[in-house]
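Scroll down for the structure; my scribbles are underneath it.
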Amino acid sequence: MKYVIGVDLGTSAVKILLVSEQGEVVQTVSKPYPLFHEKTGYSEQDPEDWVTGTIAGLQELLQNFSGAPEDIEGISFSGQMHGLVLLDGSNEVLRPAILWNDTRTTAECRKIVETVGQERLLQITKNPALEGFTLPKILWVKEYEPEIFNKAQSFVLPKDYLRYRMTGELHMEYSDAAGTLLLDISKQQWSTEICELLDLDPTICPPLVDSHAEVGTLTAEFAEQSGLAQTTRVFAGGADNACGAIGSGILKDGKTLCSIGTSGVVLSYEASDNKDFGGKVHYFNHAAPDAFYTMGVTLSAGYSLTWFKDVFAAGESFEELLAEVGTVPAGSNGLLFTPYLVGERTPHADAAIRASFIGMDSSHQRKDFVRAVLEGITFSLNESIAIFRDSGKHIDTIVSIGGGAQNEDWLQMQADIFNATIIRLKSEQGPGMGAAMLAAFGCGWFHSLQACADVFLEEGKQFTPNPVNVEQYEKLFGVYTEVYGQTKELNEKLTAFRK
Ligand SMILES: Nc1ncnc2c1ncn2[C@@H]1O[C@H](COP(=O)(O)OP(=O)(O)O)[C@@H](O)[C@H]1O
Ligand SMILES: O=C(CO)[C@@H](O)[C@H](O)COP(=O)(O)O
């Protein structure tokens, strides 16, 4: 029997999947690592933690594997997007990675728009300048840490760094490069125009490859540390959302995905790059060949629930915290939550906005708060769905994945708020499965990713909208959409009091 490995380098942990030729998930291992928030708006990780976590995970996986390491034919990656890893001339890491949910770069985004021009930026990159993207982070380091920036010879994204440490080869693939704001999406090449306008040496951009491209084999050192065979074929991999889409079968027109991880996304397959969303949603290269996807992002989706659990239910599991959610009526007895804990992206690109609970009443209990948190996250994702529907997309079925898809009450809530049938996968493995599928396709086991999906993926339980809740949520969603405008100015005044 032959196997492939999918490594999902997430925000909270690295999750490793061992998958057989038949698509059976033989083993999963997860190793968490910390996230550092030194100041409000800052979010960093130590790239070394990704490497040590992955080695520890692979060691554990190999220890429990009954086959020979050589049976594992290929490995590929899914990675948290946009994070800046700056490297010197010897490819040593120059500073902690600045992550996708770090929002310190509002001034740099303004500079990009002023220098490149909003329209030209959209023409080249298909996306507006947002704090989470990589280019503003590069400009921030250039401005505030010039002694570090002057040593920088290249930059990569999180999973590219991990792959470099495994192979000794430095690359970036298109689906992740699309989230840097430096890629000419249509031409599939780095934009020297943007680099030159912003006074960046284009040679800091690494060589580009396809997601399923074979980029080498493991170094002797990494093979020894991890227990993998040195012959294991290494494939480039993709952005976590692109891989989440592959791992959920979002491989043709009309397919929509909702993923609730640390962030939350609503993602739709696009066969071409010529639609115009005016930058309202992200428009990126898919990790499937010659395809694209559009996507709205809620910065704190699962993170809002994790925050609530850590602060108000420390020591409890998610299952315990969510146990009574189904007993609270739709609308949480008049309690409304907006999930802007670290600012927001879609539809409000705003680093200063913060979360609110509106309508707290003395009758409210903890379970009302928990349901309100889930509803607020889902309302936020519904704002992205509304943008897609307004653009003419027909959305009646959505595949739901991520940590959030583990809870059936939340899946029903998604059906009721999105007014669409929600499909869960039989074995939901998220982006790690997409990474494993890229390795299986790269190894030549299948002639296409769709052929691989036909073998590897199976749809599971469906959740259909409850008309009474749909009506209730439609009204409440109208109230929810007002909260941003009503709290924007208040939050701006509060920024002076933040850490
Ligand atoms: N049993 C559960 N029920 C509902 N939500 C959960 C459960 N377990 C985890 N989550 C949510 O899923 C999120 C993590 O999802 P995951 O897809 O693993 O994220 P990431 O890839 O960003 O690390 C957590 O932030 C949490 O809110
Ligand atoms: O910034 C984005 C997408 O643009 C995020 O989706 C990150 O890619 C992180 O994803 P998770 O860790 O939440 O899966």
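Quick note on naming: the chains in the structure tokens go A, B, ... in the order shown, residues restart at 1 in each chain, and ligands are numbered from 1 in order of appearance.
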_Which residues are close to Ser30 (chain A), i.e. within 8 Å by only C-alpha atoms, leaving aside same-chain residues fewer than 6 positions away? Reply as an MDAnalysis selection string._
chainID A and resid 13:16 57
Can you write just those residues out, C-alpha atoms, as a compact mmCIF listing (two decimals), in the first residue's frame?
# COMPACT_ATOMS: atom_id res chain seq x y z
CA ALA A 13 -1.35 24.01 15.37
CA VAL A 14 0.28 21.91 12.68
CA LYS A 15 -2.02 19.05 11.72
CA ILE A 16 -0.54 16.10 9.86
CA GLY A 57 4.29 15.31 14.72
6 Å from ligand 1 is the threshold here; counting only C-alpha atoms and all ligand atoms, which polymer residues fall inside it? Answer as a PDB file with C-alpha atoms, in the first residue's frame.
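Contents of result.pdb, as written:
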ATOM      1  CA  GLY A  10      -2.463  26.261  10.768  1.00  0.00           C
ATOM      2  CA  THR A  11      -2.511  29.222  13.117  1.00  0.00           C
ATOM      3  CA  SER A  12      -3.134  27.252  16.275  1.00  0.00           C
ATOM      4  CA  ALA A  13      -1.347  24.006  15.375  1.00  0.00           C
ATOM      5  CA  GLY A 261     -11.120  27.805  11.745  1.00  0.00           C
ATOM      6  CA  THR A 262      -9.322  30.540  13.676  1.00  0.00           C
ATOM      7  CA  GLY A 302     -13.368  30.248  15.686  1.00  0.00           C
ATOM      8  CA  TYR A 303     -11.014  32.601  17.468  1.00  0.00           C
ATOM      9  CA  LEU A 305     -15.292  31.220  20.452  1.00  0.00           C
ATOM     10  CA  THR A 306     -11.830  30.251  21.678  1.00  0.00           C
ATOM     11  CA  PHE A 318     -15.721  23.091  23.484  1.00  0.00           C
ATOM     12  CA  GLU A 319     -18.264  20.287  23.864  1.00  0.00           C
ATOM     13  CA  GLY A 402     -13.129  23.560   9.967  1.00  0.00           C
ATOM     14  CA  GLY A 403     -13.250  23.256  13.745  1.00  0.00           C
ATOM     15  CA  GLY A 404     -16.666  24.949  13.711  1.00  0.00           C
ATOM     16  CA  GLN A 406     -17.755  19.768  14.601  1.00  0.00           C
ATOM     17  CA  ASN A 407     -20.869  21.091  16.311  1.00  0.00           C
TER      18      ASN A 407
END
*asked:* Using only C-alpha atoms and all ligand atoms for the distances, tell me which of A:Asp240, A:Glu70, A:Glu147, A:Glu196 is nearest to ligand 2.
replied: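 So, comparing all the options, the nearest one is A:Asp240.
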Listing only residues of chain A within 7 Å of ligand 2, what is the closest atom pair and its distance in Å (to one decimal) for each, using only C-alpha atoms and all ligand atoms, sorted by chain and residue number ascending, as a Markdown table?
| residue | atom | partner | partner_atom_place_in_ligand_line | distance |
| --- | --- | --- | --- | --- |
| A:Gly10 | CA | ligand 2 | 12 (O) | 4.5 |
| A:Thr11 | CA | ligand 2 | 12 (O) | 4.1 |
| A:Ser12 | CA | ligand 2 | 12 (O) | 6.7 |
| A:Gly79 | CA | ligand 2 | 8 (O) | 6.9 |
| A:Gln80 | CA | ligand 2 | 8 (O) | 3.9 |
| A:Met81 | CA | ligand 2 | 8 (O) | 3.7 |
| A:His82 | CA | ligand 2 | 1 (O) | 6.3 |
| A:Trp100 | CA | ligand 2 | 1 (O) | 4.7 |
| A:Asn101 | CA | ligand 2 | 1 (O) | 6.5 |
| A:Gly132 | CA | ligand 2 | 1 (O) | 6.4 |
| A:Gly179 | CA | ligand 2 | 4 (O) | 6.9 |
| A:Ala239 | CA | ligand 2 | 8 (O) | 6.7 |
| A:Asp240 | CA | ligand 2 | 8 (O) | 5.5 |
| A:Asn241 | CA | ligand 2 | 6 (O) | 6.1 |
| A:Gly261 | CA | ligand 2 | 13 (O) | 4.3 |
| A:Thr262 | CA | ligand 2 | 13 (O) | 3.7 |
| A:Ser263 | CA | ligand 2 | 13 (O) | 3.6 |
| A:Gly264 | CA | ligand 2 | 13 (O) | 6.2 |
| A:Val265 | CA | ligand 2 | 6 (O) | 6.5 |
| A:Val297 | CA | ligand 2 | 4 (O) | 6.3 |
Create the file for the chosen residues now, containing C-alpha atoms and written as a compact mmCIF listing (two decimals), in the first residue's frame.
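Below you can see result.txt, which holds the result:
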# COMPACT_ATOMS: atom_id res chain seq x y z
CA GLY A 10 -2.46 26.26 10.77
CA THR A 11 -2.51 29.22 13.12
CA SER A 12 -3.13 27.25 16.27
CA GLY A 79 -0.43 26.88 5.08
CA GLN A 80 -1.92 29.80 6.96
CA MET A 81 -1.76 32.59 4.39
CA HIS A 82 -0.04 35.98 4.16
CA TRP A 100 -2.31 37.18 8.62
CA ASN A 101 -4.30 38.44 11.62
CA GLY A 132 -3.40 41.16 6.74
CA GLY A 179 -2.16 36.73 -1.01
CA ALA A 239 -2.77 28.34 0.73
CA ASP A 240 -4.93 26.88 3.50
CA ASN A 241 -8.14 28.15 1.97
CA GLY A 261 -11.12 27.80 11.74
CA THR A 262 -9.32 30.54 13.68
CA SER A 263 -10.57 32.80 10.89
CA GLY A 264 -13.72 32.12 8.94
CA VAL A 265 -14.12 32.18 5.20
CA VAL A 297 -12.91 36.61 5.45
*Please run DSSP on the backbone and report, as JSON, numbers by chain, all residues within region 318-448 of chain A that come out as helix (DSSP H, G or I).*
{"A": [318, 319, 320, 321, 322, 325, 326, 327, 332, 333, 334, 366, 367, 368, 369, 370, 371, 372, 373, 374, 375, 376, 377, 378, 379, 380, 381, 382, 383, 384, 385, 386, 387, 388, 389, 390, 403, 404, 405, 406, 408, 409, 410, 411, 412, 413, 414, 415, 416, 417, 418, 431, 432, 433, 434, 435, 436, 437, 438, 439, 440, 441, 442]}
*Quick one, how far is CA of Val51 (chain A) from CA of Leu170 (chain A)?*
15.1 Å
*asked:* Can you tell me which residues surround Phe149 (chain A) at a distance of at most 9 Å, considering only C-alpha atoms, apart from same-chain residues fewer than 4 positions away, and format the answer as a PyMOL selection string?
replied: chain A and resi 86+94+138+141-145+153
*asked:* I want to know what sits within 8 Å of Arg354 (chain A), based on only C-alpha atoms, with residues of the same chain fewer than 4 positions away left out; could you give that as a list in words?
replied: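 Returned residues: Pro339, Tyr340, Leu341, Val342, Gly343 and Asn491 of chain A.
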*In region 315-383 of chain A, DSSP strand (DSSP E) residues written as a PyMOL selection string*: chain A and resi 336-338+356-358
Same residues, C-alpha atoms, output as a PDB file, in the first residue's frame:
ATOM      1  CA  LEU A 336     -26.164  40.172  19.657  1.00  0.00           C
ATOM      2  CA  PHE A 337     -22.405  39.734  19.201  1.00  0.00           C
ATOM      3  CA  THR A 338     -20.119  41.170  16.528  1.00  0.00           C
ATOM      4  CA  SER A 356     -19.499  44.153  20.959  1.00  0.00           C
ATOM      5  CA  PHE A 357     -22.197  42.383  22.870  1.00  0.00           C
ATOM      6  CA  ILE A 358     -25.369  44.420  22.313  1.00  0.00           C
TER       7      ILE A 358
END
*Two-atom distance - CA of Asp350 (chain A), CA of Glu383 (chain A) (Å)*: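 Interatomic distance, CA of Asp350 (chain A) to CA of Glu383 (chain A): 14.8 Å.
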*Extract, using only C-alpha atoms, all DNA, RNA and protein residues at most 10 Å from Leu122 (chain A), discarding same-chain residues fewer than 6 positions from it, and format them as a PyMOL selection string.*
chain A and resi 113+116+128-129+181+184-185+276-279+283
*Residues at most 10 Å from Phe456 (chain A), counting only C-alpha atoms, excluding those fewer than 2 positions away in the same chain, as a list in words?*
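Non-adjacent residues within range: Val19, Ser20, Glu21, Gln22, Gly23, Glu24, Val25, Gly247, Ser248, Gly249, Ser427, Met433, Gly434, Ala436, Met437, Leu449, Gln450, Ala451, Cys452, Ala453, Asp454 and Glu458 of chain A.
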Dump of N, CA and C atoms for the selected residues, as a JSON list (two decimals), in the first residue's frame:
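So selection31.json came out as:
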[["chain", "number", "residue", "atom", "x", "y", "z"],
["A", 19, "VAL", "N", -2.54, 9.56, 4.57],
["A", 19, "VAL", "CA", -3.69, 9.12, 3.76],
["A", 19, "VAL", "C", -3.25, 8.02, 2.80],
["A", 20, "SER", "N", -4.07, 6.97, 2.70],
["A", 20, "SER", "CA", -3.72, 5.84, 1.82],
["A", 20, "SER", "C", -4.16, 6.13, 0.38],
["A", 21, "GLU", "N", -3.74, 5.25, -0.52],
["A", 21, "GLU", "CA", -4.12, 5.37, -1.95],
["A", 21, "GLU", "C", -5.63, 5.42, -2.15],
["A", 22, "GLN", "N", -6.37, 4.79, -1.21],
["A", 22, "GLN", "CA", -7.83, 4.79, -1.35],
["A", 22, "GLN", "C", -8.48, 6.02, -0.71],
["A", 23, "GLY", "N", -7.64, 6.90, -0.16],
["A", 23, "GLY", "CA", -8.20, 8.11, 0.45],
["A", 23, "GLY", "C", -8.56, 7.90, 1.91],
["A", 24, "GLU", "N", -8.17, 6.77, 2.46],
["A", 24, "GLU", "CA", -8.48, 6.50, 3.87],
["A", 24, "GLU", "C", -7.50, 7.26, 4.76],
["A", 25, "VAL", "N", -8.05, 7.98, 5.76],
["A", 25, "VAL", "CA", -7.17, 8.72, 6.68],
["A", 25, "VAL", "C", -6.68, 7.73, 7.74],
["A", 247, "GLY", "N", -9.83, 20.00, -0.57],
["A", 247, "GLY", "CA", -10.19, 18.92, 0.36],
["A", 247, "GLY", "C", -11.69, 18.83, 0.61],
["A", 248, "SER", "N", -12.47, 19.77, 0.07],
["A", 248, "SER", "CA", -13.93, 19.72, 0.20],
["A", 248, "SER", "C", -14.58, 19.57, -1.16],
["A", 249, "GLY", "N", -13.76, 19.36, -2.18],
["A", 249, "GLY", "CA", -14.32, 19.15, -3.53],
["A", 249, "GLY", "C", -14.80, 20.42, -4.21],
["A", 427, "SER", "N", -15.63, 12.37, 6.34],
["A", 427, "SER", "CA", -14.41, 12.45, 7.14],
["A", 427, "SER", "C", -13.83, 13.83, 6.87],
["A", 433, "MET", "N", -6.38, 17.61, 4.08],
["A", 433, "MET", "CA", -6.79, 16.66, 3.04],
["A", 433, "MET", "C", -6.47, 17.23, 1.65],
["A", 434, "GLY", "N", -6.68, 18.54, 1.49],
["A", 434, "GLY", "CA", -6.33, 19.17, 0.21],
["A", 434, "GLY", "C", -4.85, 19.02, -0.07],
["A", 436, "ALA", "N", -2.87, 16.64, 1.10],
["A", 436, "ALA", "CA", -2.62, 15.22, 0.78],
["A", 436, "ALA", "C", -3.04, 14.94, -0.67],
["A", 437, "MET", "N", -4.14, 15.56, -1.10],
["A", 437, "MET", "CA", -4.62, 15.34, -2.47],
["A", 437, "MET", "C", -3.65, 15.93, -3.50],
["A", 449, "LEU", "N", -7.27, 16.53, -10.03],
["A", 449, "LEU", "CA", -7.68, 16.64, -8.62],
["A", 449, "LEU", "C", -9.13, 16.19, -8.46],
["A", 450, "GLN", "N", -9.95, 16.44, -9.49],
["A", 450, "GLN", "CA", -11.35, 16.01, -9.42],
["A", 450, "GLN", "C", -11.42, 14.48, -9.33],
["A", 451, "ALA", "N", -10.56, 13.80, -10.13],
["A", 451, "ALA", "CA", -10.55, 12.33, -10.08],
["A", 451, "ALA", "C", -10.14, 11.86, -8.69],
["A", 452, "CYS", "N", -9.22, 12.58, -8.09],
["A", 452, "CYS", "CA", -8.78, 12.25, -6.72],
["A", 452, "CYS", "C", -9.93, 12.50, -5.74],
["A", 453, "ALA", "N", -10.62, 13.64, -5.91],
["A", 453, "ALA", "CA", -11.75, 13.97, -5.02],
["A", 453, "ALA", "C", -12.83, 12.89, -5.10],
["A", 454, "ASP", "N", -13.05, 12.35, -6.31],
["A", 454, "ASP", "CA", -14.08, 11.32, -6.47],
["A", 454, "ASP", "C", -13.78, 10.09, -5.62],
["A", 458, "GLU", "N", -16.19, 12.07, 0.50],
["A", 458, "GLU", "CA", -17.57, 11.59, 0.52],
["A", 458, "GLU", "C", -18.42, 12.55, 1.34]]
_Just want the 9 Å neighbourhood of Leu58 (chain A), counted on only C-alpha atoms, with same-chain residues fewer than 4 positions away dropped. Output as a list in words._
Ile16, Val29, Gly53, Thr54, Leu62, Gln63, Ser226, Gly227 and Leu228 of chain A
_Distance criterion (only C-alpha atoms): nearest to Met166 (chain A) out of A:Ser66, A:Thr219, A:Asn419, A:Asn285_ =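 Nearest candidate to Met166 (chain A) out of A:Ser66, A:Thr219, A:Asn419, A:Asn285: A:Thr219.
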